[in-house]
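Asker: The following file, input02.cif, comprises mmCIF, C-alpha atoms and all ligand atoms:
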data_final
#
loop_
_atom_site.label_atom_id
_atom_site.label_comp_id
_atom_site.auth_asym_id
_atom_site.auth_seq_id
_atom_site.Cartn_x
_atom_site.Cartn_y
_atom_site.Cartn_z
CA MET D 1 33.57 -17.87 2.55
CA GLU D 2 32.81 -15.24 5.24
CA ASP D 3 30.27 -13.76 2.89
CA LEU D 4 28.58 -17.11 2.30
CA LYS D 5 28.51 -17.77 6.03
CA ARG D 6 26.93 -14.39 6.69
CA ARG D 7 24.29 -15.11 4.06
CA ALA D 8 23.42 -18.42 5.66
CA GLU D 9 23.20 -16.75 9.07
CA VAL D 10 20.82 -14.10 7.79
CA LEU D 11 18.58 -16.80 6.38
CA MET D 12 18.65 -18.71 9.68
CA GLU D 13 17.71 -15.55 11.58
CA ALA D 14 14.63 -15.31 9.41
CA LEU D 15 13.58 -18.89 10.16
CA PRO D 16 11.34 -18.17 13.20
CA TYR D 17 9.47 -15.53 11.21
CA ILE D 18 9.17 -17.67 8.11
CA ARG D 19 7.82 -20.47 10.29
CA ARG D 20 5.40 -18.19 12.13
CA PHE D 21 4.02 -16.64 8.96
CA TRP D 22 4.13 -19.60 6.59
CA GLY D 23 0.69 -20.03 5.00
CA LYS D 24 -0.57 -16.83 6.66
CA THR D 25 -2.24 -14.06 4.70
CA MET D 26 -0.61 -10.65 4.41
CA VAL D 27 -2.68 -7.86 2.89
CA ILE D 28 -0.48 -5.10 1.54
CA LYS D 29 -1.94 -1.71 0.70
CA TYR D 30 0.36 -0.15 -1.81
CA GLY D 31 0.32 3.58 -2.41
CA GLY D 32 2.31 6.77 -2.22
CA SER D 33 5.39 7.63 -4.20
CA ALA D 34 6.73 4.08 -3.74
CA MET D 35 4.31 3.28 -6.53
CA GLU D 36 5.18 6.05 -8.95
CA ASN D 37 8.97 5.83 -8.95
CA ALA D 38 10.17 2.82 -10.99
CA GLN D 39 13.14 2.00 -8.74
CA LEU D 40 11.15 2.26 -5.50
CA ARG D 41 8.33 0.30 -7.08
CA ASP D 42 10.54 -2.62 -8.08
CA ASN D 43 12.07 -2.71 -4.59
CA VAL D 44 8.61 -3.10 -3.08
CA LEU D 45 7.52 -5.68 -5.65
CA ARG D 46 10.65 -7.77 -5.02
CA ASP D 47 9.91 -7.75 -1.29
CA ILE D 48 6.38 -8.89 -2.10
CA LEU D 49 7.75 -11.73 -4.21
CA LEU D 50 10.06 -12.81 -1.42
CA LEU D 51 7.15 -12.97 1.04
CA HIS D 52 5.23 -15.01 -1.53
CA TYR D 53 8.07 -17.45 -2.19
CA VAL D 54 8.72 -18.12 1.51
CA GLY D 55 5.13 -19.28 1.79
CA MET D 56 2.99 -16.31 2.75
CA LYS D 57 -0.30 -15.65 0.99
CA VAL D 58 0.22 -12.12 -0.26
CA VAL D 59 -2.62 -9.91 -1.43
CA VAL D 60 -1.83 -6.50 -2.92
CA VAL D 61 -4.39 -3.69 -2.79
CA HIS D 62 -3.26 -0.63 -4.70
CA GLY D 63 -4.21 3.00 -4.78
CA GLY D 64 -3.56 5.21 -7.74
CA GLY D 65 -4.43 8.70 -6.59
CA LYS D 66 -1.81 10.66 -8.45
CA GLU D 67 -2.24 8.87 -11.75
CA ILE D 68 -6.00 9.30 -11.62
CA THR D 69 -5.57 13.00 -10.87
CA GLU D 70 -3.16 13.30 -13.80
CA TRP D 71 -5.58 11.65 -16.23
CA MET D 72 -8.48 13.75 -14.98
CA ARG D 73 -6.43 16.89 -15.69
CA ARG D 74 -5.57 15.59 -19.15
CA LEU D 75 -9.25 15.07 -19.76
CA GLY D 76 -10.08 18.48 -18.37
CA LYS D 77 -11.50 17.51 -14.98
CA GLU D 78 -10.38 18.99 -11.67
CA PRO D 79 -10.61 16.55 -8.76
CA VAL D 80 -12.01 17.74 -5.46
CA PHE D 81 -10.92 16.22 -2.12
CA VAL D 82 -12.57 16.34 1.30
CA GLU D 83 -10.56 14.80 4.18
CA GLY D 84 -8.45 12.80 1.77
CA ARG D 85 -11.50 11.47 -0.04
CA ARG D 86 -12.27 12.23 -3.63
CA ILE D 87 -15.64 13.60 -4.73
CA THR D 88 -16.60 11.62 -7.81
CA ASP D 89 -19.11 12.34 -10.57
CA GLU D 90 -20.05 9.66 -13.14
CA GLU D 91 -17.37 10.74 -15.61
CA SER D 92 -14.72 10.87 -12.89
CA LEU D 93 -15.67 7.35 -11.85
CA GLU D 94 -15.16 6.17 -15.43
CA ILE D 95 -11.73 7.76 -15.55
CA ALA D 96 -10.82 6.37 -12.13
CA GLU D 97 -11.86 2.89 -13.22
CA MET D 98 -10.00 3.10 -16.53
CA VAL D 99 -6.83 4.23 -14.82
CA LEU D 100 -7.00 2.00 -11.73
CA THR D 101 -8.23 -1.24 -13.26
CA GLY D 102 -7.01 -0.73 -16.81
CA LYS D 103 -3.62 0.78 -16.25
CA THR D 104 -2.22 0.91 -12.70
CA ASN D 105 -3.43 -2.62 -11.95
CA LYS D 106 -2.12 -4.15 -15.18
CA ASP D 107 1.20 -2.32 -14.86
CA LEU D 108 1.71 -3.88 -11.43
CA VAL D 109 0.70 -7.34 -12.66
CA ALA D 110 3.08 -7.13 -15.62
CA ARG D 111 5.87 -5.75 -13.44
CA LEU D 112 5.50 -8.64 -11.00
CA TRP D 113 5.65 -11.03 -13.94
CA LYS D 114 8.84 -9.39 -15.18
CA LEU D 115 10.37 -9.81 -11.72
CA GLY D 116 9.46 -13.49 -11.60
CA GLY D 117 5.97 -13.74 -10.11
CA LYS D 118 2.52 -14.77 -11.22
CA ALA D 119 -0.03 -12.15 -10.33
CA VAL D 120 -3.66 -11.74 -11.35
CA GLY D 121 -5.46 -8.41 -11.38
CA VAL D 122 -8.88 -8.38 -9.77
CA SER D 123 -11.25 -5.45 -9.41
CA GLY D 124 -14.16 -5.38 -7.01
CA LYS D 125 -16.43 -6.10 -9.96
CA ASP D 126 -14.90 -9.51 -10.61
CA GLY D 127 -16.84 -12.37 -9.10
CA GLY D 128 -18.95 -9.94 -7.06
CA PHE D 129 -15.93 -9.52 -4.86
CA LEU D 130 -16.51 -6.03 -3.42
CA ILE D 131 -20.09 -4.93 -2.75
CA ALA D 132 -20.53 -1.35 -1.62
CA LYS D 133 -23.29 0.98 -0.56
CA ARG D 134 -23.44 4.48 -1.99
CA GLN D 135 -22.20 7.10 0.45
CA SER D 136 -24.40 10.17 0.42
CA GLY D 137 -22.84 13.42 -0.68
CA LEU D 138 -19.73 12.08 -2.37
CA GLY D 139 -21.17 11.17 -5.78
CA GLU D 140 -20.27 7.77 -7.23
CA VAL D 141 -18.55 6.72 -4.06
CA GLY D 142 -19.39 3.81 -1.87
CA GLU D 143 -18.53 2.23 1.42
CA ILE D 144 -17.76 -1.46 1.51
CA GLU D 145 -20.70 -3.47 2.72
CA LYS D 146 -19.63 -6.98 1.85
CA VAL D 147 -16.47 -8.72 0.72
CA ASN D 148 -16.82 -12.05 -1.06
CA PRO D 149 -13.25 -13.29 -0.88
CA HIS D 150 -13.90 -16.54 -2.74
CA ILE D 151 -12.15 -15.39 -5.91
CA LEU D 152 -9.09 -14.40 -3.86
CA ASN D 153 -8.98 -17.77 -2.12
CA ILE D 154 -9.09 -19.55 -5.47
CA LEU D 155 -6.13 -17.50 -6.69
CA LEU D 156 -4.16 -17.82 -3.45
CA ASN D 157 -4.66 -21.57 -3.32
CA GLU D 158 -3.22 -21.80 -6.83
CA SER D 159 -0.23 -19.66 -5.80
CA TYR D 160 -1.22 -16.52 -7.67
CA ILE D 161 -0.73 -13.11 -6.13
CA PRO D 162 -4.03 -11.19 -6.33
CA VAL D 163 -3.54 -7.53 -7.20
CA ILE D 164 -6.67 -5.56 -6.39
CA SER D 165 -8.00 -2.33 -7.84
CA THR D 166 -10.60 -0.84 -5.56
CA ILE D 167 -13.60 -0.27 -7.79
CA ALA D 168 -16.66 -1.85 -6.20
CA MET D 169 -20.28 -2.42 -7.25
CA ASP D 170 -23.59 -1.89 -5.51
CA GLU D 171 -26.04 -4.82 -5.34
CA ASN D 172 -27.26 -3.91 -8.87
CA GLY D 173 -23.86 -3.92 -10.45
CA LYS D 174 -23.48 -0.15 -10.52
CA GLY D 175 -19.80 0.76 -10.21
CA LEU D 176 -18.70 2.77 -7.18
CA ASN D 177 -15.36 4.20 -6.23
CA VAL D 178 -14.22 3.11 -2.78
CA ASN D 179 -11.32 4.27 -0.67
CA ALA D 180 -8.36 1.96 -1.23
CA ASP D 181 -7.16 2.13 2.39
CA THR D 182 -10.42 1.24 4.10
CA THR D 183 -11.14 -1.38 1.44
CA ALA D 184 -7.80 -3.02 2.20
CA GLY D 185 -8.91 -3.15 5.84
CA HIS D 186 -12.16 -4.88 4.88
CA ILE D 187 -10.31 -7.34 2.64
CA ALA D 188 -7.82 -8.18 5.38
CA GLY D 189 -10.73 -8.80 7.74
CA ALA D 190 -12.65 -10.96 5.28
CA LEU D 191 -9.57 -13.08 4.57
CA GLY D 192 -8.73 -13.50 8.25
CA ALA D 193 -5.33 -12.04 7.47
CA GLU D 194 -2.43 -12.15 9.88
CA LYS D 195 -1.37 -8.60 9.05
CA LEU D 196 -2.53 -5.54 7.18
CA LEU D 197 0.50 -3.61 5.95
CA ILE D 198 -0.09 -0.13 4.59
CA LEU D 199 2.79 1.29 2.57
CA THR D 200 2.88 5.03 2.22
CA ASP D 201 5.33 7.91 1.87
CA VAL D 202 5.86 8.80 5.54
CA PRO D 203 7.63 6.72 8.24
CA GLY D 204 4.31 5.91 9.92
CA VAL D 205 1.91 7.89 12.09
CA LEU D 206 3.61 11.02 13.38
CA ASP D 207 2.71 12.92 16.55
CA GLU D 208 2.37 16.73 16.83
CA GLU D 209 6.16 17.13 17.03
CA GLY D 210 6.65 14.98 13.98
CA ASN D 211 8.00 11.99 15.93
CA LEU D 212 7.08 8.49 14.88
CA ILE D 213 4.48 6.70 16.99
CA SER D 214 5.80 3.13 17.00
CA LEU D 215 3.04 1.31 18.81
CA VAL D 216 -0.68 1.98 19.08
CA ARG D 217 -3.12 -0.16 21.05
CA PHE D 218 -6.62 -0.67 19.77
CA ASP D 219 -8.15 1.37 22.61
CA GLU D 220 -5.99 4.35 21.60
CA LEU D 221 -7.05 4.22 17.98
CA ASP D 222 -10.18 6.42 18.02
CA ALA D 223 -8.35 9.28 19.70
CA LEU D 224 -5.56 9.02 17.14
CA ILE D 225 -7.99 8.92 14.20
CA ALA D 226 -9.49 12.18 15.51
CA LYS D 227 -6.03 13.79 15.57
CA VAL D 228 -4.55 12.89 12.19
CA SER D 229 -5.51 14.59 8.96
CA GLY D 230 -5.69 13.97 5.22
CA GLY D 231 -4.62 10.63 3.86
CA MET D 232 -3.66 9.24 7.27
CA LYS D 233 -7.27 9.14 8.49
CA PRO D 234 -8.54 6.40 6.13
CA LYS D 235 -5.38 4.41 6.85
CA LEU D 236 -6.05 4.33 10.57
CA GLU D 237 -9.71 3.59 9.89
CA ALA D 238 -8.55 0.67 7.74
CA CYS D 239 -6.46 -0.61 10.65
CA LYS D 240 -9.48 -0.35 12.95
CA ILE D 241 -11.71 -2.24 10.51
CA ALA D 242 -9.11 -4.99 10.12
CA LEU D 243 -8.44 -5.40 13.85
CA LEU D 244 -12.16 -5.46 14.63
CA LYS D 245 -12.46 -8.43 12.28
CA GLY D 246 -9.64 -10.30 13.98
CA VAL D 247 -6.55 -9.33 12.00
CA LYS D 248 -3.64 -9.70 14.44
CA SER D 249 -1.82 -6.47 13.69
CA ALA D 250 -1.88 -3.55 11.30
CA HIS D 251 1.21 -1.65 10.20
CA ILE D 252 1.75 1.70 8.52
CA ILE D 253 5.21 1.85 7.00
CA ASN D 254 7.31 3.86 4.61
CA GLY D 255 7.32 2.22 1.19
CA GLU D 256 10.15 4.50 0.09
CA VAL D 257 12.62 2.84 2.46
CA PRO D 258 14.19 -0.15 0.67
CA HIS D 259 12.98 -3.44 2.19
CA SER D 260 10.69 -1.73 4.69
CA LEU D 261 8.23 -4.61 4.24
CA LEU D 262 10.87 -7.20 5.09
CA MET D 263 12.11 -5.20 8.07
CA GLU D 264 8.57 -4.90 9.39
CA ILE D 265 7.71 -8.59 8.99
CA PHE D 266 11.04 -10.23 9.82
CA THR D 267 11.83 -8.29 13.01
CA ASP D 268 9.89 -7.87 16.25
CA LYS D 269 10.35 -4.15 16.51
CA GLY D 270 9.75 -3.13 12.91
CA LEU D 271 10.27 0.37 11.64
CA GLY D 272 6.83 1.96 11.21
CA THR D 273 3.68 2.24 13.28
CA MET D 274 2.22 -1.03 14.52
CA ILE D 275 -1.36 -1.20 15.74
CA ILE D 276 -2.34 -4.19 17.83
CA GLY D 277 -5.53 -5.44 19.42
CA ASP D 278 -5.97 -5.22 23.20
N1 LIG J 301 -0.25 12.35 11.86
C1 LIG J 301 0.19 12.07 10.63
N2 LIG J 301 1.26 11.26 10.47
C2 LIG J 301 1.72 10.95 9.23
N3 LIG J 301 1.16 11.41 8.10
C3 LIG J 301 0.08 12.21 8.17
C4 LIG J 301 -0.46 12.58 9.44
N4 LIG J 301 -1.52 13.39 9.22
C5 LIG J 301 -1.65 13.52 7.89
N5 LIG J 301 -0.69 12.83 7.23
C6 LIG J 301 -0.54 12.78 5.77
O1 LIG J 301 -0.95 11.52 5.24
C7 LIG J 301 -0.21 11.28 4.06
C8 LIG J 301 -0.32 9.84 3.60
O2 LIG J 301 -1.54 9.63 2.92
P1 LIG J 301 -1.68 9.79 1.34
O3 LIG J 301 -1.07 11.09 0.92
O4 LIG J 301 -3.11 9.60 1.03
O5 LIG J 301 -0.76 8.64 0.78
P2 LIG J 301 -1.11 7.27 0.02
O6 LIG J 301 -0.85 7.50 -1.41
O7 LIG J 301 -0.14 6.29 0.61
O8 LIG J 301 -2.53 6.93 0.35
C9 LIG J 301 1.18 11.73 4.46
O9 LIG J 301 2.00 12.02 3.35
C10 LIG J 301 0.89 12.96 5.32
O10 LIG J 301 0.95 14.12 4.52
MG MG J 302 -4.30 8.12 0.14
#
Could the structure of this file be written out as structure tokens, please?
Answerer:
Amino acid sequence: MEDLKRRAEVLMEALPYIRRFWGKTMVIKYGGSAMENAQLRDNVLRDILLLHYVGMKVVVVHGGGKEITEWMRRLGKEPVFVEGRRITDEESLEIAEMVLTGKTNKDLVARLWKLGGKAVGVSGKDGGFLIAKRQSGLGEVGEIEKVNPHILNILLNESYIPVISTIAMDENGKGLNVNADTTAGHIAGALGAEKLLILTDVPGVLDEEGNLISLVRFDELDALIAKVSGGMKPKLEACKIALLKGVKSAHIINGEVPHSLLMEIFTDKGLGTMIIGD
């Protein structure tokens, strides 16, 4: 009886948040080790399903860095990174696309199905969804120029969870690799999302002493982007892109902590780094 009462109370505590976010779009960038470890992965996917079933429009954008690197090694290619960004020749792009769209994406879609959800994998090539412009000096790499979210809206309106692999095309249909973080920012902006939530393998943005920075205002963002290194840079850039396009808040959270997504969305304080507009 006590247990049942407690359960009911927990649900009631969530009511204001469920009400506030019902029908709102949440773009979740999924990466880090929370994607590679089966247990951690299922925890995250269950949270995603819960958000979906309480009425949020959930869009998943996934990375796949480590798996791509692994397949490149198997095929005898050594990846090169500059500031967290991969340098990509034509063959590397093919491998990245095969792994991201063919494997990582379909694994996530099938896993969501197993856990009780209907997801559909979409790459930037589908329906002309992600149009990019080649970035000079990085090979077959582009920067998002245009997002045509129509295909996502069709899926969301029919209660499917879109799962996105970030391979884009230029205007001529030439495939280009794009950074998954910044692309998630563009997608959140194009969808008019309520939140962009970036799951990674650290508690959030850390300062020089390694302490978590809980709250960042938009006007502090450029200075912070200049300070962080590696994979955190494109994440903060993604937050900037999203906020500039009207997304209400962007969050960087630890996907390894069970239910970090729920704790971030269903509490005011949250547990990671929250970036808000001015
Ligand atoms: N100031 C910072 N705060 C937190 N993480 C940082 C910071 N600067 C660099 N990083 C690095 O960014 C990494 C997250 O990016 P990345 O490795 O690309 O993960 P993901 O797979 O989620 O994209 C962290 O593991 C950390 O090593
Ligand atoms: Mg990364």
Asker: Pick out the closest residue to Asp126 of chain D from this set: D:His150, D:Arg73, D:Lys233, D:Lys114. Count all atoms listed in the file.
Answerer: D:His150
Asker: When you look at segment 96-106 of chain D with a cut-off of 7 Å (counting all atoms listed in the file), what residues show up, excluding the ones that are within fewer than 2 positions of it in the same chain? I need them as a list in words.
Answerer: Gly64, Ile68, Ser92, Leu93, Glu94, Leu108, Val109, Ala110, Gly121, Ser123, Val163, Ser165 and Ile167 of chain D
Asker: Just to be explicit: take each residue in the selection above, keep C-alpha atoms, and write the result as a CSV table (one decimal), in the frame of the given file.
Answerer:
chain,number,residue,atom,x,y,z
D,64,GLY,CA,-3.6,5.2,-7.7
D,68,ILE,CA,-6.0,9.3,-11.6
D,92,SER,CA,-14.7,10.9,-12.9
D,93,LEU,CA,-15.7,7.4,-11.8
D,94,GLU,CA,-15.2,6.2,-15.4
D,108,LEU,CA,1.7,-3.9,-11.4
D,109,VAL,CA,0.7,-7.3,-12.7
D,110,ALA,CA,3.1,-7.1,-15.6
D,121,GLY,CA,-5.5,-8.4,-11.4
D,123,SER,CA,-11.2,-5.4,-9.4
D,163,VAL,CA,-3.5,-7.5,-7.2
D,165,SER,CA,-8.0,-2.3,-7.8
D,167,ILE,CA,-13.6,-0.3,-7.8
Asker: Give me, as a tab-separated table, each residue of chain D that comes within 9 Å of ligand MG 302 (chain J), together with its shortest interatomic pair and the distance in Å at one decimal, counting only C-alpha atoms and all ligand atoms, with rows ordered by chain and rising residue number.
Answerer:
residue	atom	partner	partner_atom	distance
D:Gly31	CA	J:MG302	MG	7.0
D:Gly32	CA	J:MG302	MG	7.1
D:Gly63	CA	J:MG302	MG	7.1
D:Gly64	CA	J:MG302	MG	8.4
D:Gly65	CA	J:MG302	MG	6.8
D:Gly84	CA	J:MG302	MG	6.5
D:Arg85	CA	J:MG302	MG	7.9
D:Asn179	CA	J:MG302	MG	8.0
D:Ala180	CA	J:MG302	MG	7.5
D:Asp181	CA	J:MG302	MG	7.0
D:Thr200	CA	J:MG302	MG	8.1
D:Gly230	CA	J:MG302	MG	7.9
D:Gly231	CA	J:MG302	MG	4.5
D:Met232	CA	J:MG302	MG	7.2
D:Lys233	CA	J:MG302	MG	8.9
D:Pro234	CA	J:MG302	MG	7.5
D:Lys235	CA	J:MG302	MG	7.7
Asker: List the neighbours of Leu115 of chain D out to 8 Å using all atoms listed in the file; skip same-chain residues closer than 4 positions along the sequence, and give me the result as a list of chain:residue names.
Answerer: D:Leu45, D:Arg46, D:Arg111
Asker: Would you kindly return, as a PyMOL selection string, each protein, DNA or RNA residue with an atom no farther than 9 Å from any atom of segment 194-199 of chain D, considering only C-alpha atoms and excluding same-chain residues fewer than 6 positions away?
Answerer: chain D and resi 21+24-32+34+181+184-185+188+235+238-239+242-243+246-256+260-261+264
Asker: Would you compute the distance between atom CA of Glu90 of chain D and atom CA of Glu145 of chain D? Give it in Å to one decimal.
Answerer: 20.6 Å
Asker: Take atom CA of Gly139 of chain D and atom CA of Glu78 of chain D and report the distance between them in Å, one decimal.
Answerer: 14.6 Å
Asker: Which residue is closest to Lys66 of chain D? Choose from D:Ser229, D:Ile161, D:Asn37, D:Ile151 and count only C-alpha atoms.
Answerer: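 Closest candidate: D:Asn37.
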Asker: Box along x, y and z, 8 Å on every side, all listed atoms of ligand LIG 301 (chain J) inside: centre and edge lengths in Å to one decimal, as AutoDock Vina command-line options.
Answerer:
--center_x -0.6 --center_y 10.2 --center_z 5.2 --size_x 21.1 --size_y 23.8 --size_z 29.3
Asker: Could you work out how far atom CA of Glu171 of chain D lies from atom CA of Ile144 of chain D, giving the answer in Å with one decimal?
Answerer: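 So the answer is 11.3 Å.
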Asker: Just want the 12 Å neighbourhood of Asp219 of chain D, counted on all atoms listed in the file, with same-chain residues fewer than 6 positions away dropped. Output as a list in words.
Answerer: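 Near Asp219 of chain D, the qualifying residues are Ile225, Lys240, Leu243, Leu244, Ile275, Ile276, Gly277 and Asp278 of chain D.
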Asker: So which one's closest to ligand LIG 301 (chain J), D:Met263, D:Ala168, D:Val82, D:Ala8? Using only C-alpha atoms and all ligand atoms, please.
Answerer: D:Val82
Asker: Would you mind completing segment 4-17 of chain D to N, CA, C and O atoms and writing the output as a short mmCIF file (atom, residue, chain, number, x, y, z; two decimals), in the coordinates of the input?
Answerer:
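Below is the file out-v5.cif, written as the result:
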data_model
loop_
_atom_site.label_atom_id
_atom_site.label_comp_id
_atom_site.auth_asym_id
_atom_site.auth_seq_id
_atom_site.Cartn_x
_atom_site.Cartn_y
_atom_site.Cartn_z
N LEU D 4 29.56 -16.03 2.40
CA LEU D 4 28.58 -17.11 2.30
C LEU D 4 28.02 -17.45 3.68
O LEU D 4 26.83 -17.70 3.84
N LYS D 5 28.93 -17.44 4.68
CA LYS D 5 28.51 -17.77 6.03
C LYS D 5 27.50 -16.74 6.53
O LYS D 5 26.48 -17.07 7.13
N ARG D 6 27.81 -15.48 6.27
CA ARG D 6 26.93 -14.39 6.69
C ARG D 6 25.54 -14.56 6.05
O ARG D 6 24.51 -14.38 6.68
N ARG D 7 25.57 -14.92 4.77
CA ARG D 7 24.29 -15.11 4.06
C ARG D 7 23.46 -16.21 4.71
O ARG D 7 22.25 -16.08 4.89
N ALA D 8 24.13 -17.31 5.04
CA ALA D 8 23.42 -18.42 5.66
C ALA D 8 22.87 -18.00 7.02
O ALA D 8 21.74 -18.36 7.39
N GLU D 9 23.66 -17.20 7.75
CA GLU D 9 23.20 -16.75 9.07
C GLU D 9 21.96 -15.86 8.96
O GLU D 9 21.03 -15.99 9.76
N VAL D 10 21.98 -14.99 7.98
CA VAL D 10 20.82 -14.10 7.79
C VAL D 10 19.57 -14.92 7.50
O VAL D 10 18.49 -14.67 8.05
N LEU D 11 19.74 -15.95 6.68
CA LEU D 11 18.58 -16.80 6.38
C LEU D 11 18.09 -17.52 7.63
O LEU D 11 16.89 -17.61 7.88
N MET D 12 19.04 -18.00 8.45
CA MET D 12 18.65 -18.71 9.68
C MET D 12 17.93 -17.77 10.64
O MET D 12 16.99 -18.17 11.33
N GLU D 13 18.38 -16.52 10.69
CA GLU D 13 17.71 -15.55 11.58
C GLU D 13 16.26 -15.33 11.17
O GLU D 13 15.42 -15.01 12.01
N ALA D 14 16.00 -15.53 9.89
CA ALA D 14 14.63 -15.31 9.41
C ALA D 14 13.73 -16.52 9.68
O ALA D 14 12.51 -16.41 9.60
N LEU D 15 14.35 -17.65 10.02
CA LEU D 15 13.58 -18.89 10.16
C LEU D 15 12.36 -18.79 11.09
O LEU D 15 11.26 -19.20 10.71
N PRO D 16 12.52 -18.23 12.32
CA PRO D 16 11.34 -18.17 13.20
C PRO D 16 10.19 -17.40 12.59
O PRO D 16 9.03 -17.75 12.79
N TYR D 17 10.52 -16.35 11.83
CA TYR D 17 9.47 -15.53 11.21
C TYR D 17 8.85 -16.26 10.03
O TYR D 17 7.64 -16.22 9.82
#
